[in-house]
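Chemist: Structure in structure tokens, see below.
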Amino acid sequence: MWRRVASHSSLFSAFKSSVPKNQAAYRFKFLEVFSTEIETPAKEGFSSRERVPFITFVLGGPGSGKGTQCAKIVESFGFTHLSAGDLLRKEISSNSDKGAMILDTIKEGKIVPSEVTVNLIQRAIESSGNYKFLIDGFPRSEENRIAFERIMGAEPNFVLFFDCPEDEMVKRVLSRNQGRVDDNIDTIKKRLKVFVALNLPVINYYSEKGKVHKINAVGTEDEIFEQVLRIFSAYES
Ligand SMILES: Nc1ncnc2c1ncn2[C@@H]1O[C@H](COP(=O)(O)OP(=O)(O)OP(=O)(O)O)[C@@H](O)[C@H]1O
Ligand SMILES: Nc1ccn([C@@H]2O[C@H](COP(=O)(O)O)[C@@H](O)[C@H]2O)c(=O)n1
Ligand SMILES: [Mg+2]
């Protein structure tokens, strides 16, 4: 994990011993983005002065308000917002060879193979020029989580979990009106099942590590953002 390692090179050699050569090279490229910061000892907060990489995973069921709150966090704290779903939708629109597979998976409310999603996130991080990231809708499964840790060699600093009752999530998704292929009642039911079966275990995993901040996602957007604001303000340094 970036903020826990003593030096750039020790991280790289640990990584090199556990993954194939081409991934090690990829990882090294990724680390170069942060090459001046990585030698700085770990800090709990995010600081504009030292620019130590800071990762927040933003989790919650479909329609719980992750994207809405991420937009507000970006405005107040200068994070880069990377929505895994948006990155996958962009990949579909770009006519990539994986587009058809991704579209079919999204229509079924299932999870896209982890390597695909992690590689999209990795590219977006590398090209962002930022060091503070909100990774929204990821990891969606233990497989996602393990792939991220293996490829990126990093864990989140903390996890935001938007806790919302299912009937409220269904209501919000059905009135979202953004033309998403998965915003229909059949796919929502599947997404809710996938959330319980695959995503809740990830939230429990990080909860046991003391990394989860649970937000009551019922209320107005501003009421919810008050809770979010308190959490981020405590990490600001
Ligand atoms: N607190 C709120 N109260 C009522 N509606 C909300 C609230 N927050 C967000 N919404 C609306 O609910 C819908 C879903 O919100 P949003 O897209 O932020 O959810 P999400 O968690 O990102 O969902 P998904 O996982 O499907 O991408 C949007 O139309 C949004 O405007
Ligand atoms: N880690 C992820 C994230 C998303 N997906 C797929 O995209 C769909 C939409 O995601 P949103 O976060 O925008 O709701 C989701 O239902 C999955 O099909 C994924 O596979 N892996
Ligand atoms: Mg979203």
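Chain labels A, B, ... are given in the sequence in which chains occur in the structure tokens; within each chain residues are numbered consecutively from 1, and ligands are likewise numbered from 1 in the order shown.
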Which residues sit within 8 Å of ligand 2, counting only C-alpha atoms and all ligand atoms, listed as an mmCIF file with N, CA and C atoms, in the first residue's frame?
Modeler:
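Contents of out_0.cif, as written:
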data_model
loop_
_atom_site.group_PDB
_atom_site.id
_atom_site.type_symbol
_atom_site.label_atom_id
_atom_site.label_comp_id
_atom_site.auth_asym_id
_atom_site.auth_seq_id
_atom_site.Cartn_x
_atom_site.Cartn_y
_atom_site.Cartn_z
ATOM 1 N N GLY A 61 -25.294 0.337 -2.971
ATOM 2 C CA GLY A 61 -26.113 -0.324 -3.989
ATOM 3 C C GLY A 61 -26.423 0.594 -5.168
ATOM 4 N N PRO A 62 -27.063 0.027 -6.201
ATOM 5 C CA PRO A 62 -27.433 0.838 -7.368
ATOM 6 C C PRO A 62 -28.409 1.943 -6.983
ATOM 7 N N GLY A 63 -28.075 3.171 -7.330
ATOM 8 C CA GLY A 63 -28.961 4.290 -7.018
ATOM 9 C C GLY A 63 -28.829 4.819 -5.601
ATOM 10 N N SER A 83 -15.585 6.756 -11.926
ATOM 11 C CA SER A 83 -16.689 5.804 -11.772
ATOM 12 C C SER A 83 -16.396 4.597 -12.656
ATOM 13 N N ALA A 84 -16.297 3.412 -12.029
ATOM 14 C CA ALA A 84 -15.999 2.202 -12.813
ATOM 15 C C ALA A 84 -17.076 1.998 -13.883
ATOM 16 N N GLY A 85 -18.346 2.232 -13.519
ATOM 17 C CA GLY A 85 -19.434 2.080 -14.485
ATOM 18 C C GLY A 85 -19.268 3.040 -15.656
ATOM 19 N N ASP A 86 -18.918 4.299 -15.362
ATOM 20 C CA ASP A 86 -18.721 5.283 -16.446
ATOM 21 C C ASP A 86 -17.557 4.870 -17.353
ATOM 22 N N LEU A 88 -16.534 1.885 -17.945
ATOM 23 C CA LEU A 88 -16.981 0.749 -18.769
ATOM 24 C C LEU A 88 -17.916 1.233 -19.885
ATOM 25 N N ARG A 89 -18.812 2.171 -19.549
ATOM 26 C CA ARG A 89 -19.724 2.698 -20.586
ATOM 27 C C ARG A 89 -18.937 3.437 -21.675
ATOM 28 N N ILE A 102 -18.810 -6.106 -22.664
ATOM 29 C CA ILE A 102 -19.132 -5.232 -21.525
ATOM 30 C C ILE A 102 -20.622 -4.884 -21.546
ATOM 31 N N THR A 105 -22.746 -7.716 -20.363
ATOM 32 C CA THR A 105 -22.589 -7.925 -18.915
ATOM 33 C C THR A 105 -23.393 -6.875 -18.144
ATOM 34 N N ILE A 106 -23.328 -5.625 -18.594
ATOM 35 C CA ILE A 106 -24.057 -4.550 -17.906
ATOM 36 C C ILE A 106 -25.566 -4.765 -18.018
ATOM 37 N N LYS A 107 -26.012 -5.191 -19.202
ATOM 38 C CA LYS A 107 -27.456 -5.437 -19.381
ATOM 39 C C LYS A 107 -27.956 -6.517 -18.420
ATOM 40 N N GLU A 108 -27.069 -7.466 -18.112
ATOM 41 C CA GLU A 108 -27.442 -8.558 -17.197
ATOM 42 C C GLU A 108 -27.196 -8.204 -15.733
ATOM 43 N N GLY A 109 -26.637 -7.030 -15.504
ATOM 44 C CA GLY A 109 -26.339 -6.608 -14.128
ATOM 45 C C GLY A 109 -25.216 -7.402 -13.498
ATOM 46 N N LYS A 110 -24.415 -8.058 -14.345
ATOM 47 C CA LYS A 110 -23.308 -8.876 -13.819
ATOM 48 C C LYS A 110 -22.013 -8.065 -13.751
ATOM 49 N N ILE A 111 -20.951 -8.711 -13.288
ATOM 50 C CA ILE A 111 -19.677 -8.007 -13.105
ATOM 51 C C ILE A 111 -18.724 -8.328 -14.254
ATOM 52 N N VAL A 112 -18.190 -7.293 -14.848
ATOM 53 C CA VAL A 112 -17.215 -7.403 -15.940
ATOM 54 C C VAL A 112 -15.919 -7.998 -15.370
ATOM 55 N N PRO A 113 -15.214 -8.843 -16.155
ATOM 56 C CA PRO A 113 -13.960 -9.416 -15.641
ATOM 57 C C PRO A 113 -13.036 -8.335 -15.039
ATOM 58 N N SER A 114 -12.496 -8.668 -13.892
ATOM 59 C CA SER A 114 -11.775 -7.668 -13.090
ATOM 60 C C SER A 114 -10.603 -7.019 -13.820
ATOM 61 N N THR A 117 -11.652 -4.001 -15.890
ATOM 62 C CA THR A 117 -12.017 -2.803 -15.114
ATOM 63 C C THR A 117 -10.786 -2.192 -14.438
ATOM 64 N N ASP A 136 -15.384 5.003 -7.682
ATOM 65 C CA ASP A 136 -16.822 4.845 -7.413
ATOM 66 C C ASP A 136 -17.334 3.560 -8.074
ATOM 67 N N GLY A 137 -18.023 2.729 -7.272
ATOM 68 C CA GLY A 137 -18.580 1.480 -7.817
ATOM 69 C C GLY A 137 -17.520 0.413 -8.013
ATOM 70 N N PHE A 138 -16.473 0.489 -7.266
ATOM 71 C CA PHE A 138 -15.366 -0.467 -7.358
ATOM 72 C C PHE A 138 -14.677 -0.515 -5.992
ATOM 73 N N PRO A 139 -14.261 -1.706 -5.514
ATOM 74 C CA PRO A 139 -14.459 -3.040 -6.063
ATOM 75 C C PRO A 139 -15.870 -3.570 -5.807
ATOM 76 N N ARG A 140 -16.427 -4.193 -6.819
ATOM 77 C CA ARG A 140 -17.797 -4.710 -6.759
ATOM 78 C C ARG A 140 -17.844 -6.140 -6.246
ATOM 79 N N SER A 141 -16.673 -6.780 -6.150
ATOM 80 C CA SER A 141 -16.617 -8.190 -5.748
ATOM 81 C C SER A 141 -15.247 -8.435 -5.121
ATOM 82 N N ASN A 144 -12.730 -8.407 -7.838
ATOM 83 C CA ASN A 144 -12.330 -7.025 -8.175
ATOM 84 C C ASN A 144 -11.273 -6.527 -7.182
ATOM 85 N N ASP A 182 -29.282 -0.357 -18.161
ATOM 86 C CA ASP A 182 -29.551 -1.186 -16.972
ATOM 87 C C ASP A 182 -30.538 -0.536 -16.005
ATOM 88 N N ARG A 191 -29.184 -6.467 -10.293
ATOM 89 C CA ARG A 191 -28.073 -5.695 -9.704
ATOM 90 C C ARG A 191 -28.140 -5.712 -8.177
#
Chemist: Sorted by chain and rising residue number, list the residues of chain A at most 6 Å from ligand 1 (counting only C-alpha atoms and all ligand atoms), each with its closest atom pair and distance in Å to one decimal, as CSV.
Modeler:
residue,atom,partner,partner_atom_place_in_ligand_line,distance
A:Gly61,CA,ligand 1,25 (O),5.9
A:Pro62,CA,ligand 1,25 (O),3.6
A:Gly63,CA,ligand 1,23 (O),3.4
A:Ser64,CA,ligand 1,21 (O),4.0
A:Gly65,CA,ligand 1,18 (O),3.4
A:Lys66,CA,ligand 1,21 (O),3.7
A:Gly67,CA,ligand 1,22 (O),3.7
A:Thr68,CA,ligand 1,18 (O),3.7
A:Arg172,CA,ligand 1,12 (O),4.2
A:Val173,CA,ligand 1,13 (C),5.3
A:Arg176,CA,ligand 1,29 (O),3.6
A:Val218,CA,ligand 1,1 (N),5.9
A:Gly219,CA,ligand 1,1 (N),5.1
A:Thr220,CA,ligand 1,1 (N),4.2
A:Glu221,CA,ligand 1,1 (N),3.9
Chemist: Would you mind exporting N, CA, C and O atoms of the selected residues as a CSV table (one decimal), in the first residue's frame?
Modeler:
chain,number,residue,atom,x,y,z
A,61,GLY,N,-25.3,0.3,-3.0
A,61,GLY,CA,-26.1,-0.3,-4.0
A,61,GLY,C,-26.4,0.6,-5.2
A,61,GLY,O,-26.1,1.8,-5.1
A,62,PRO,N,-27.1,0.0,-6.2
A,62,PRO,CA,-27.4,0.8,-7.4
A,62,PRO,C,-28.4,1.9,-7.0
A,62,PRO,O,-29.4,1.7,-6.3
A,63,GLY,N,-28.1,3.2,-7.3
A,63,GLY,CA,-29.0,4.3,-7.0
A,63,GLY,C,-28.8,4.8,-5.6
A,63,GLY,O,-29.6,5.7,-5.2
A,64,SER,N,-27.8,4.4,-4.9
A,64,SER,CA,-27.7,4.8,-3.5
A,64,SER,C,-27.1,6.3,-3.4
A,64,SER,O,-27.1,6.9,-2.3
A,65,GLY,N,-26.7,6.8,-4.5
A,65,GLY,CA,-26.2,8.2,-4.6
A,65,GLY,C,-24.7,8.4,-4.6
A,65,GLY,O,-24.2,9.5,-4.4
A,66,LYS,N,-24.0,7.4,-5.0
A,66,LYS,CA,-22.5,7.4,-5.1
A,66,LYS,C,-22.1,8.5,-6.0
A,66,LYS,O,-21.3,9.4,-5.6
A,67,GLY,N,-22.6,8.5,-7.2
A,67,GLY,CA,-22.1,9.5,-8.2
A,67,GLY,C,-22.5,10.9,-7.8
A,67,GLY,O,-21.7,11.8,-8.0
A,68,THR,N,-23.7,11.1,-7.3
A,68,THR,CA,-24.2,12.4,-6.9
A,68,THR,C,-23.3,13.0,-5.8
A,68,THR,O,-22.8,14.2,-5.9
A,172,ARG,N,-35.2,5.6,-7.0
A,172,ARG,CA,-34.2,6.5,-7.6
A,172,ARG,C,-33.7,6.1,-9.0
A,172,ARG,O,-33.6,6.9,-9.9
A,173,VAL,N,-33.4,4.8,-9.1
A,173,VAL,CA,-32.9,4.3,-10.4
A,173,VAL,C,-34.0,4.5,-11.5
A,173,VAL,O,-33.7,4.9,-12.6
A,176,ARG,N,-34.2,7.9,-12.8
A,176,ARG,CA,-32.9,8.6,-13.1
A,176,ARG,C,-33.0,9.2,-14.5
A,176,ARG,O,-32.4,10.3,-14.7
A,218,VAL,N,-30.2,8.1,3.2
A,218,VAL,CA,-31.6,8.5,3.0
A,218,VAL,C,-31.7,10.0,3.5
A,218,VAL,O,-31.2,10.3,4.6
A,219,GLY,N,-32.3,10.8,2.7
A,219,GLY,CA,-32.4,12.2,3.1
A,219,GLY,C,-32.1,13.1,1.8
A,219,GLY,O,-32.0,12.5,0.7
A,220,THR,N,-32.1,14.4,2.0
A,220,THR,CA,-31.8,15.2,0.8
A,220,THR,C,-30.3,15.0,0.5
A,220,THR,O,-29.5,14.6,1.3
A,221,GLU,N,-30.0,15.4,-0.8
A,221,GLU,CA,-28.5,15.4,-1.2
A,221,GLU,C,-27.7,16.2,-0.2
A,221,GLU,O,-26.6,15.8,0.1
Chemist: Report as a PyMOL selection string all protein, DNA and RNA residues lying within 10 Å of Ser76 in chain A, evaluated on only C-alpha atoms, omitting residues in the same chain fewer than 5 positions from it.
Modeler: chain A and resi 70-71+229+232-233
Chemist: Take the residues just selected and output them with all heavy atoms as a tab-separated table (two decimals), in the first residue's frame.
Modeler:
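Contents of result_4.tsv, freshly written:
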chain	number	residue	atom	x	y	z
A	70	CYS	N	-20.16	11.97	-5.09
A	70	CYS	CA	-18.78	12.13	-5.58
A	70	CYS	C	-18.60	13.49	-6.26
A	70	CYS	O	-17.57	14.14	-6.09
A	70	CYS	CB	-18.43	11.01	-6.57
A	70	CYS	SG	-18.01	9.45	-5.76
A	71	ALA	N	-19.62	13.92	-7.01
A	71	ALA	CA	-19.52	15.22	-7.69
A	71	ALA	C	-19.32	16.34	-6.66
A	71	ALA	O	-18.55	17.29	-6.87
A	71	ALA	CB	-20.77	15.46	-8.53
A	229	LEU	N	-19.06	15.40	4.31
A	229	LEU	CA	-18.17	16.53	4.59
A	229	LEU	C	-17.41	16.33	5.90
A	229	LEU	O	-16.20	16.57	5.98
A	229	LEU	CB	-19.04	17.79	4.68
A	229	LEU	CG	-18.43	19.14	4.42
A	229	LEU	CD1	-17.72	19.19	3.08
A	229	LEU	CD2	-19.53	20.21	4.46
A	232	PHE	N	-14.57	13.73	5.25
A	232	PHE	CA	-13.43	14.22	4.46
A	232	PHE	C	-12.68	15.34	5.19
A	232	PHE	O	-11.45	15.42	5.08
A	232	PHE	CB	-13.89	14.68	3.06
A	232	PHE	CG	-13.99	13.52	2.10
A	232	PHE	CD1	-15.12	12.72	2.08
A	232	PHE	CD2	-12.93	13.20	1.25
A	232	PHE	CE1	-15.20	11.63	1.22
A	232	PHE	CE2	-13.00	12.11	0.39
A	232	PHE	CZ	-14.14	11.33	0.38
A	233	SER	N	-13.41	16.16	5.93
A	233	SER	CA	-12.74	17.24	6.66
A	233	SER	C	-11.76	16.65	7.67
A	233	SER	O	-10.68	17.21	7.90
A	233	SER	CB	-13.76	18.12	7.39
A	233	SER	OG	-14.63	18.67	6.44
Chemist: Would you list, as an MDAnalysis selection string, the residues of range 43-232 of chain A that end up in alpha helix (DSSP H) under DSSP run on this structure's backbone?
Modeler: chainID A and resid 66:77 84:93 99:107 114:126 142:152 166:174 185:194 200:208 221:232
Chemist: Kindly indicate which residue among A:Met101, A:Ile188, A:Val194, A:Ala147 lies nearest to Val170 in chain A, using only C-alpha atoms for the distances.
Modeler: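 Using only C-alpha atoms, Val170 in chain A sits closest to A:Ile188.
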Chemist: Just checking: using only C-alpha atoms, which residue out of A:Gln69, A:Asn130, A:Asn199, A:Gln178 ends up closest to Glu226 in chain A?
Modeler: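 Once distances to Glu226 in chain A are computed over only C-alpha atoms, the minimum belongs to A:Gln69.
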Chemist: Please determine, counting only C-alpha atoms and all ligand atoms, which residue among A:Leu87, A:Glu208, A:Arg150, A:Asn184 has the shortest atom-to-atom distance to ligand 3.
Modeler: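 Among the listed residues, A:Leu87 lies closest to ligand 3.
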Chemist: When DSSP is applied to the backbone of this structure, which of range 57-160 of chain A are assigned strand (DSSP E)? Write them out as an NGL selection string.
Modeler: :A and (57-60 or 80-83 or 132-136 or 158-160)
Chemist: Point out the residue among A:Ile135, A:Leu103, A:Ile55, A:Val74 with the least atom-to-atom distance to ligand 3, counting only C-alpha atoms and all ligand atoms.
Modeler: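 Checking each of A:Ile135, A:Leu103, A:Ile55, A:Val74 against ligand 3, counting only C-alpha atoms and all ligand atoms, the winner is A:Ile135.
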Chemist: For each of A:Val118, A:Ile224, A:Val58, A:Ala124, take the minimum atom-to-atom distance to Val202 in chain A, counting only C-alpha atoms, then give the residue where this is smallest.
Modeler: A:Val58
Chemist: Out of A:Asp167, A:Leu160, A:Met152, A:Val181, which residue has the shortest atom-to-atom distance to Ile125 in chain A when counting only C-alpha atoms?
Modeler: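 Among the listed residues, the smallest separation from Ile125 in chain A belongs to A:Met152.
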Chemist: Work out how far apart CA of Phe79 in chain A and CA of Tyr235 in chain A are and give it in Å to one decimal.
Modeler: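 It comes out at 12.7 Å.
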